[in-house]
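Student: Data: final-v4.txt, compact mmCIF, C-alpha atoms and all ligand atoms.
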# COMPACT_ATOMS: atom_id res chain seq x y z
CA MET A 27 140.64 -12.84 69.18
CA SER A 28 141.08 -9.23 69.47
CA PRO A 29 144.49 -8.26 68.07
CA ILE A 30 145.28 -6.15 71.13
CA VAL A 31 144.75 -9.13 73.39
CA ALA A 32 146.64 -11.45 71.03
CA ARG A 33 149.61 -9.07 71.11
CA ARG A 34 149.47 -9.13 74.87
CA ALA A 35 149.46 -12.85 75.37
CA ASN A 36 151.57 -12.40 78.52
CA GLY A 37 148.42 -11.57 80.45
CA THR A 38 148.59 -7.76 80.60
CA ALA A 39 145.20 -7.42 78.86
CA ARG A 40 141.79 -8.78 79.81
CA ILE A 41 138.57 -8.62 77.79
CA MET A 42 135.75 -7.10 79.83
CA SER A 43 132.98 -7.17 77.23
CA ALA A 44 132.33 -7.42 73.51
CA THR A 45 129.75 -5.64 71.35
CA VAL A 46 128.69 -6.72 67.87
CA ARG A 47 127.09 -4.33 65.41
CA CYS A 48 126.50 -3.94 61.69
CA ASN A 49 127.38 -0.68 59.99
CA GLY A 50 127.50 0.05 56.26
CA GLY A 51 127.18 -3.64 55.39
CA ARG A 52 130.07 -4.71 57.58
CA TRP A 53 130.08 -6.44 60.90
CA HIS A 54 132.12 -4.98 63.71
CA VAL A 55 133.08 -6.40 67.06
CA SER A 56 134.33 -3.98 69.68
CA PHE A 57 136.02 -5.20 72.80
CA THR A 58 136.30 -3.38 76.07
CA VAL A 59 139.73 -4.35 77.28
CA GLU A 60 141.52 -3.71 80.51
CA VAL A 61 145.17 -3.11 79.73
CA GLU A 62 148.23 -2.49 81.81
CA ARG A 63 150.08 0.31 80.13
CA ALA A 64 153.76 0.96 80.60
CA GLU A 65 154.78 4.55 81.39
CA ARG A 66 155.91 6.15 78.18
CA THR A 67 157.62 9.31 77.08
CA PRO A 68 157.57 10.70 73.54
CA ASP A 69 160.76 10.24 71.51
CA ARG A 70 161.32 13.99 71.64
CA PRO A 71 159.62 15.39 74.79
CA GLN A 72 160.59 19.01 74.04
CA SER A 73 159.38 18.88 70.45
CA VAL A 74 156.25 20.84 69.42
CA VAL A 75 154.29 20.14 66.27
CA GLY A 76 151.39 22.17 64.82
CA VAL A 77 148.82 20.25 62.79
CA ASP A 78 146.61 21.91 60.17
CA VAL A 79 143.96 19.45 59.03
CA GLY A 80 143.11 19.67 55.33
CA ILE A 81 140.76 18.24 52.76
CA LYS A 82 142.87 17.69 49.66
CA TYR A 83 145.45 16.17 51.97
CA LEU A 84 145.15 14.78 55.47
CA ALA A 85 147.26 17.36 57.28
CA MET A 86 150.03 19.92 57.00
CA LEU A 87 152.59 19.78 59.79
CA SER A 88 154.65 22.67 61.11
CA THR A 89 157.70 20.55 60.32
CA GLY A 90 156.89 21.22 56.66
CA GLU A 91 155.61 17.71 56.04
CA LEU A 92 152.49 17.35 53.96
CA VAL A 93 150.62 14.20 54.97
CA PRO A 94 148.72 12.93 51.93
CA ASN A 95 145.23 11.47 52.02
CA PRO A 96 145.04 7.69 52.26
CA ARG A 97 145.34 5.83 48.98
CA HIS A 98 142.04 5.12 47.19
CA LEU A 99 140.22 7.84 49.14
CA VAL A 100 139.58 10.01 46.09
CA ALA A 101 138.25 7.04 44.11
CA ALA A 102 135.99 6.08 47.01
CA GLN A 103 134.66 9.64 47.27
CA GLN A 104 133.92 9.74 43.54
CA ARG A 105 132.04 6.47 43.77
CA MET A 106 130.08 7.81 46.74
CA ARG A 107 129.03 10.90 44.77
CA ALA A 108 128.03 8.83 41.74
CA LEU A 109 125.91 6.52 43.90
CA GLY A 110 124.25 9.55 45.46
CA ARG A 111 123.21 10.78 42.03
CA THR A 112 121.93 7.34 41.06
CA LEU A 113 119.85 7.18 44.22
CA SER A 114 118.24 10.55 43.57
CA ARG A 115 116.84 9.28 40.26
CA LYS A 116 114.98 6.40 41.88
CA THR A 117 111.64 6.39 43.63
CA GLY A 118 112.33 6.92 47.29
CA PRO A 119 110.01 6.94 50.31
CA ASP A 120 107.75 9.94 50.85
CA ARG A 121 106.63 10.61 54.38
CA ARG A 122 103.78 12.93 53.39
CA THR A 123 102.14 10.65 50.85
CA GLY A 124 103.19 7.46 52.61
CA LEU A 125 104.83 6.24 49.40
CA ARG A 126 107.01 3.17 49.89
CA PRO A 127 110.50 3.17 48.33
CA SER A 128 111.12 1.00 45.27
CA LYS A 129 113.33 -2.08 45.46
CA ARG A 130 115.84 -0.30 43.19
CA TRP A 131 115.91 2.64 45.58
CA GLU A 132 116.53 0.32 48.53
CA ARG A 133 119.41 -1.43 46.76
CA ALA A 134 120.95 1.89 45.70
CA ALA A 135 120.59 3.27 49.24
CA ALA A 136 122.40 0.24 50.66
CA ARG A 137 125.23 0.66 48.12
CA LEU A 138 125.52 4.35 49.02
CA GLY A 139 125.64 3.45 52.71
CA ARG A 140 128.52 1.04 52.10
CA ALA A 141 130.37 3.66 50.02
CA HIS A 142 129.92 6.21 52.83
CA ALA A 143 131.32 3.76 55.34
CA ARG A 144 134.31 2.98 53.10
CA VAL A 145 135.21 6.68 52.75
CA ALA A 146 134.92 7.15 56.50
CA HIS A 147 137.07 4.07 57.18
CA LEU A 148 139.80 5.10 54.77
CA ARG A 149 140.06 8.54 56.28
CA ARG A 150 139.91 7.27 59.83
CA ASP A 151 142.64 4.76 59.12
CA GLY A 152 144.85 7.51 57.72
CA LEU A 153 144.16 9.67 60.77
CA HIS A 154 145.03 6.80 63.11
CA LYS A 155 148.39 6.28 61.45
CA LEU A 156 149.11 10.00 61.61
CA THR A 157 148.02 10.54 65.21
CA THR A 158 149.95 7.50 66.46
CA ARG A 159 153.09 8.76 64.80
CA LEU A 160 152.65 12.32 66.14
CA ALA A 161 151.90 11.23 69.69
CA ARG A 162 154.88 8.87 69.83
CA LYS A 163 157.32 11.42 68.52
CA HIS A 164 156.40 14.87 69.87
CA GLY A 165 155.96 16.07 73.45
CA THR A 166 153.36 18.67 72.43
CA VAL A 167 150.83 18.52 69.61
CA VAL A 168 148.78 21.65 68.75
CA VAL A 169 145.59 21.52 66.69
CA GLU A 170 142.82 23.93 65.80
CA ASP A 171 139.45 23.76 67.48
CA LEU A 172 137.53 24.00 64.22
CA ASN A 173 138.60 24.95 60.75
CA VAL A 174 136.26 27.88 60.14
CA THR A 175 137.93 28.99 56.92
CA GLY A 176 137.90 25.43 55.66
CA MET A 177 134.19 25.26 56.26
CA LEU A 178 133.56 28.37 54.21
CA ARG A 179 135.86 27.27 51.43
CA ASN A 180 134.23 23.97 50.74
CA ARG A 181 131.03 22.59 49.42
CA ARG A 182 128.87 20.47 51.62
CA LEU A 183 130.42 17.07 51.07
CA ALA A 184 134.00 18.18 51.56
CA ARG A 185 132.96 20.13 54.61
CA HIS A 186 131.22 17.15 56.10
CA ILE A 187 134.29 14.97 55.66
CA ALA A 188 136.59 17.67 57.00
CA ASP A 189 134.40 18.24 60.06
CA ALA A 190 134.52 14.55 60.81
CA GLY A 191 138.29 14.73 60.41
CA PHE A 192 138.70 17.59 62.87
CA SER A 193 136.79 16.00 65.67
CA GLU A 194 138.31 12.61 64.98
CA ILE A 195 141.91 13.86 64.90
CA ARG A 196 141.32 15.69 68.17
CA ARG A 197 139.72 12.68 69.79
CA GLN A 198 142.55 10.37 68.76
CA LEU A 199 145.29 12.82 69.70
CA ALA A 200 143.75 13.43 73.12
CA TYR A 201 144.08 9.83 74.27
CA LYS A 202 147.19 8.96 72.31
CA THR A 203 149.22 11.92 73.63
CA SER A 204 148.12 10.96 77.11
CA TRP A 205 149.15 7.30 76.57
CA ASN A 206 152.53 8.43 75.33
CA GLY A 207 153.19 10.94 78.09
CA GLY A 208 152.78 13.98 75.86
CA ARG A 209 150.07 16.64 75.72
CA LEU A 210 147.56 18.02 73.27
CA LEU A 211 146.79 21.73 73.00
CA VAL A 212 143.66 22.93 71.21
CA ALA A 213 143.73 26.46 69.80
CA ASP A 214 140.83 28.80 70.49
CA ARG A 215 138.43 28.60 67.56
CA TRP A 216 138.78 32.32 66.86
CA TYR A 217 142.53 32.23 66.67
CA PRO A 218 143.44 33.54 63.18
CA SER A 219 145.95 30.81 62.35
CA SER A 220 145.71 31.47 58.62
CA LYS A 221 145.78 35.28 58.75
CA THR A 222 148.71 35.60 61.16
CA CYS A 223 152.24 35.89 59.82
CA SER A 224 154.34 33.09 61.27
CA GLY A 225 157.42 35.24 60.72
CA CYS A 226 156.59 38.52 62.48
CA GLY A 227 153.17 37.96 64.07
CA ALA A 228 151.37 40.63 62.02
CA VAL A 229 147.70 39.80 61.43
CA LYS A 230 146.13 40.42 58.04
CA ALA A 231 142.66 41.95 57.98
CA LYS A 232 141.71 39.66 55.16
CA LEU A 233 143.02 36.61 53.39
CA ALA A 234 140.90 35.52 50.46
CA LEU A 235 139.94 31.87 50.50
CA HIS A 236 141.49 31.16 47.11
CA GLU A 237 144.87 32.59 48.13
CA ARG A 238 147.03 29.55 48.63
CA GLU A 239 150.07 31.62 49.46
CA PHE A 240 150.48 33.90 52.46
CA THR A 241 152.34 37.12 51.68
CA CYS A 242 153.17 39.39 54.63
CA GLU A 243 153.07 43.13 53.88
CA VAL A 244 155.00 43.83 57.07
CA CYS A 245 158.04 41.58 56.84
CA GLY A 246 157.75 40.32 53.27
CA LEU A 247 157.44 36.65 54.15
CA VAL A 248 155.98 34.48 51.39
CA ILE A 249 154.85 31.05 52.53
CA ASP A 250 152.30 28.36 51.73
CA ARG A 251 149.00 29.19 53.43
CA ASP A 252 148.58 25.93 55.33
CA ARG A 253 152.25 25.70 56.31
CA ASN A 254 151.93 29.20 57.76
CA ALA A 255 148.87 28.10 59.76
CA SER A 256 150.64 25.01 61.11
CA LEU A 257 153.64 27.12 62.21
CA ASN A 258 151.32 29.52 64.05
CA LEU A 259 149.68 26.62 65.85
CA ALA A 260 153.06 25.27 66.94
CA ALA A 261 154.02 28.75 68.21
CA LEU A 262 150.96 28.76 70.50
CA ALA A 263 152.55 26.10 72.68
CA ALA A 264 155.17 28.55 73.94
CA GLU A 265 152.45 31.10 74.72
CA PHE A 266 150.41 28.54 76.60
CA ASP A 267 153.39 27.67 78.80
CA THR A 268 154.13 31.33 79.53
CA ALA A 269 150.50 32.14 80.34
CA GLY A 270 150.26 29.12 82.60
CA SER A 271 152.88 30.45 85.00
CA GLY A 272 151.17 33.79 85.74
CA PRO A 273 148.88 34.50 88.70
CA VAL A 274 146.24 36.00 86.39
CA ALA A 275 145.93 32.80 84.44
CA ALA A 276 145.44 30.78 87.58
CA ARG A 277 142.18 32.59 88.27
CA GLY A 278 140.65 30.97 85.24
CA ALA A 279 141.42 27.53 86.50
CA ASP A 280 138.87 24.85 85.70
CA ARG A 281 136.24 27.35 84.76
CA LYS A 282 134.41 27.56 81.48
CA THR A 283 135.62 30.71 79.81
CA ARG A 284 133.30 32.22 77.27
CA VAL A 285 134.94 33.92 74.37
CA ARG A 286 132.55 35.73 72.04
CA GLY A 287 129.68 33.48 72.98
CA GLN A 288 131.69 30.30 72.48
CA VAL A 289 132.62 27.99 75.29
CA ALA A 290 136.28 27.27 75.65
CA VAL A 291 137.35 25.01 78.46
CA LYS A 292 140.47 26.30 80.10
CA ARG A 293 142.34 23.75 82.15
CA GLU A 294 144.34 24.48 85.27
CA PRO A 295 147.19 26.32 83.57
CA GLY A 296 149.71 25.92 86.38
CA THR A 297 149.66 22.17 85.96
CA ALA A 298 150.03 22.02 82.20
CA THR A 299 152.24 18.99 82.39
CA ALA A 300 152.47 15.80 80.42
CA GLY A 301 149.23 14.11 79.55
CA GLN A 302 147.09 17.23 79.71
CA THR A 303 144.82 18.80 77.21
CA GLY A 304 144.41 22.54 77.26
CA THR A 305 142.94 25.39 75.31
CA VAL A 306 145.37 27.85 73.83
CA LEU A 307 144.32 31.46 73.64
CA PRO A 308 144.95 33.43 70.48
CA GLN A 309 148.03 35.55 70.08
CA GLY A 310 147.65 39.10 71.32
CA ARG A 311 144.68 38.31 73.51
CA THR A 312 145.78 38.17 77.08
CA ILE A 313 144.30 35.84 79.63
CA ASP A 314 143.16 38.89 81.58
CA ARG A 315 140.98 40.22 78.79
CA VAL A 316 139.35 36.90 78.24
CA LEU A 317 138.51 36.58 81.89
CA THR A 318 137.03 40.07 81.95
CA LYS A 319 134.65 39.04 79.21
CA ALA A 320 133.70 35.97 81.16
CA HIS A 321 132.22 37.88 84.08
ZN ZN A 401 155.38 39.08 58.62
Kindly present the structure from the file in structure tokens form.
Ligand SMILES: [Zn+2]

Tutor:
Amino acid sequence: MSPIVARRANGTARIMSATVRCNGGRWHVSFTVEVERAERTPDRPQSVVGVDVGIKYLAMLSTGELVPNPRHLVAAQQRMRALGRTLSRKTGPDRRTGLRPSKRWERAAARLGRAHARVAHLRRDGLHKLTTRLARKHGTVVVEDLNVTGMLRNRRLARHIADAGFSEIRRQLAYKTSWNGGRLLVADRWYPSSKTCSGCGAVKAKLALHEREFTCEVCGLVIDRDRNASLNLAALAAEFDTAGSGPVAARGADRKTRVRGQVAVKREPGTATAGQTGTVLPQGRTIDRVLTKAH
């Protein structure tokens, strides 16, 4: 029986349907369950946490906590890479010549598929534990839309895993914050979270990708790069709340606002209450300017 239904043996959950599928050599059963959820509030409703998703670790929080990657993830990734190399040495299918793959290729491909699935599961599991904890504790969670610098910094594999992490962490946080009576804010993808000083707000023109430390020429702050980014994300929450109260902001209600060719969905700012997801605009860019660009 589904664990969620087993936990709710008092009749507050009902299975609507079940789907069975096979993925990466493992069988999965997913249940659609109707659940009665109690109204919840986060442990600290006023608390704001910024989350910078990483690759060498799962996330850096604005609280200063570094959330490590799940155990065995590195070993699983190494195995995945090794299996990929093994596969490339075998005779695979060729669409142009109609060549059929060898049995060895098929076996190696299946092993690689299972290794891929294991890496994805490990990371997803780690993200679930993190997002549950964040949503239960903090009233507001702020994440980035996409880690553009991270994408440039990394080779293909790391990037692929990180990309999956960004969308997954957002997806999980969106429903978990709503279940827990909190809210999720997503920073505009052009917001320079890494280049902005979390101390004085000065924005650097350039921050080389290998620079792990942020040094501010204006106020002299020296801080870990990712910690700085997470603090900037957390600071966006205050800006979002201020912007939401103005009459200018209200004009952008429920309209797709284009910022430099990218679509950013701006929710009704005046009703940025518990359970909502919104897009936070970058520091220094007023709502007014963004709206001007939109027309
Ligand atoms: Zn500074």

Student: Could you check which of A:Ala64, A:Val145, A:Val244, A:Ala234 is closest to Pro96 (chain A), using all atoms listed in the file?

Tutor: A:Val145

Student: When the cut-off is 8 Å and you count all atoms listed in the file, which residues lie near ligand ZN 401 (chain A), shown as a PyMOL selection string?

Tutor: chain A and resi 222-228+241-247

Student: Go through A:Met86, A:Leu233, A:Ala136, A:Val169 one by one, measure the shortest atom-to-atom distance of each to Ala263 (chain A) using only C-alpha atoms, and give the residue with the smallest value.

Tutor: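 Answer, going by the shortest atom-to-atom distance: A:Val169.
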
Student: So which residues touch Glu91 (chain A) within 12 Å, counting all atoms listed in the file, skipping near sequence neighbours fewer than 5 positions away, as an MDAnalysis selection string?

Tutor: chainID A and resid 75:78 83:86 156 160 250 252:253 256:257

Student: If we count only C-alpha atoms and set the cut-off at 9 Å, which residues sit around Thr166 (chain A), ignoring sequence neighbours fewer than 5 positions away in its own chain? Please answer as a PyMOL selection string.

Tutor: chain A and resi 71-76+160-161+203+208-211+260+263+300

Student: With a distance cut-off of 12 Å and all atoms listed in the file, select the neighbouring residues of Lys116 (chain A), excluding the residue or stretch itself and same-chain residues fewer than 5 positions from it, and output the selection as a ChimeraX atom specification.

Tutor: /A:109-111,126-135

Student: Please produce a file of the residues just selected, as a PDB file, keeping the file's coordinate frame, where the atoms kept are C-alpha atoms.

Tutor:
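And here's again-v8.pdb as it stands now:
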ATOM      1  CA  LEU A 109     125.910   6.520  43.900  1.00  0.00           C
ATOM      2  CA  GLY A 110     124.250   9.550  45.460  1.00  0.00           C
ATOM      3  CA  ARG A 111     123.210  10.780  42.030  1.00  0.00           C
ATOM      4  CA  ARG A 126     107.010   3.170  49.890  1.00  0.00           C
ATOM      5  CA  PRO A 127     110.500   3.170  48.330  1.00  0.00           C
ATOM      6  CA  SER A 128     111.120   1.000  45.270  1.00  0.00           C
ATOM      7  CA  LYS A 129     113.330  -2.080  45.460  1.00  0.00           C
ATOM      8  CA  ARG A 130     115.840  -0.300  43.190  1.00  0.00           C
ATOM      9  CA  TRP A 131     115.910   2.640  45.580  1.00  0.00           C
ATOM     10  CA  GLU A 132     116.530   0.320  48.530  1.00  0.00           C
ATOM     11  CA  ARG A 133     119.410  -1.430  46.760  1.00  0.00           C
ATOM     12  CA  ALA A 134     120.950   1.890  45.700  1.00  0.00           C
ATOM     13  CA  ALA A 135     120.590   3.270  49.240  1.00  0.00           C
TER      14      ALA A 135
END

Student: Rounded to one decimal in Å, what is the spacing between CA of Ala44 (chain A) and CA of Gly207 (chain A)?

Tutor: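 CA of Gly207 (chain A) lies at a distance of 28.2 Å from CA of Ala44 (chain A).
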
Student: What's the separation between CA of Gly124 (chain A) and CA of Arg140 (chain A), in Å to one decimal place?

Tutor: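 The value is 26.1 Å.
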
Student: Using all atoms listed in the file, which residue out of A:Arg162, A:Arg105, A:Lys155, A:Lys202 lies closest to Gly139 (chain A)?

Tutor: A:Arg105

Student: How far is it from CA of Ser204 (chain A) to CA of Ser43 (chain A), in Å with one decimal?

Tutor: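 Atom-to-atom, CA of Ser204 (chain A) and CA of Ser43 (chain A) are spaced 23.6 Å apart.
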
Student: Which residues come within 7 Å of Ser220 (chain A), counting only C-alpha atoms, excluding same-chain residues fewer than 2 positions away, as a PyMOL selection string?

Tutor: chain A and resi 218+222+251+254-255

Student: Give me, as a tab-separated table, each residue of region 90-173 of chain A that comes within 9 Å of region 190-201 of chain A, together with its shortest interatomic pair and the distance in Å at one decimal, counting only C-alpha atoms, with rows ordered by chain and rising residue number.

Tutor:
residue	atom	partner	partner_atom	distance
A:Ala146	CA	A:Ala190	CA	8.6
A:Arg149	CA	A:Gly191	CA	7.6
A:Arg150	CA	A:Glu194	CA	7.6
A:Leu153	CA	A:Ile195	CA	6.3
A:His154	CA	A:Gln198	CA	7.1
A:Leu156	CA	A:Ile195	CA	8.8
A:Thr157	CA	A:Leu199	CA	5.7
A:Thr158	CA	A:Leu199	CA	7.8
A:Leu160	CA	A:Leu199	CA	8.2
A:Ala161	CA	A:Leu199	CA	6.8
A:Val167	CA	A:Leu199	CA	7.9
A:Val169	CA	A:Arg196	CA	7.4
A:Glu170	CA	A:Phe192	CA	8.1
A:Asp171	CA	A:Phe192	CA	7.7
A:Leu172	CA	A:Phe192	CA	6.7
A:Asn173	CA	A:Phe192	CA	7.7

Student: Given the choices A:Thr58, A:Thr67, A:Asn95, A:Ser88, which gets closest to Ile249 (chain A) if the distance is worked out from only C-alpha atoms?

Tutor: A:Ser88
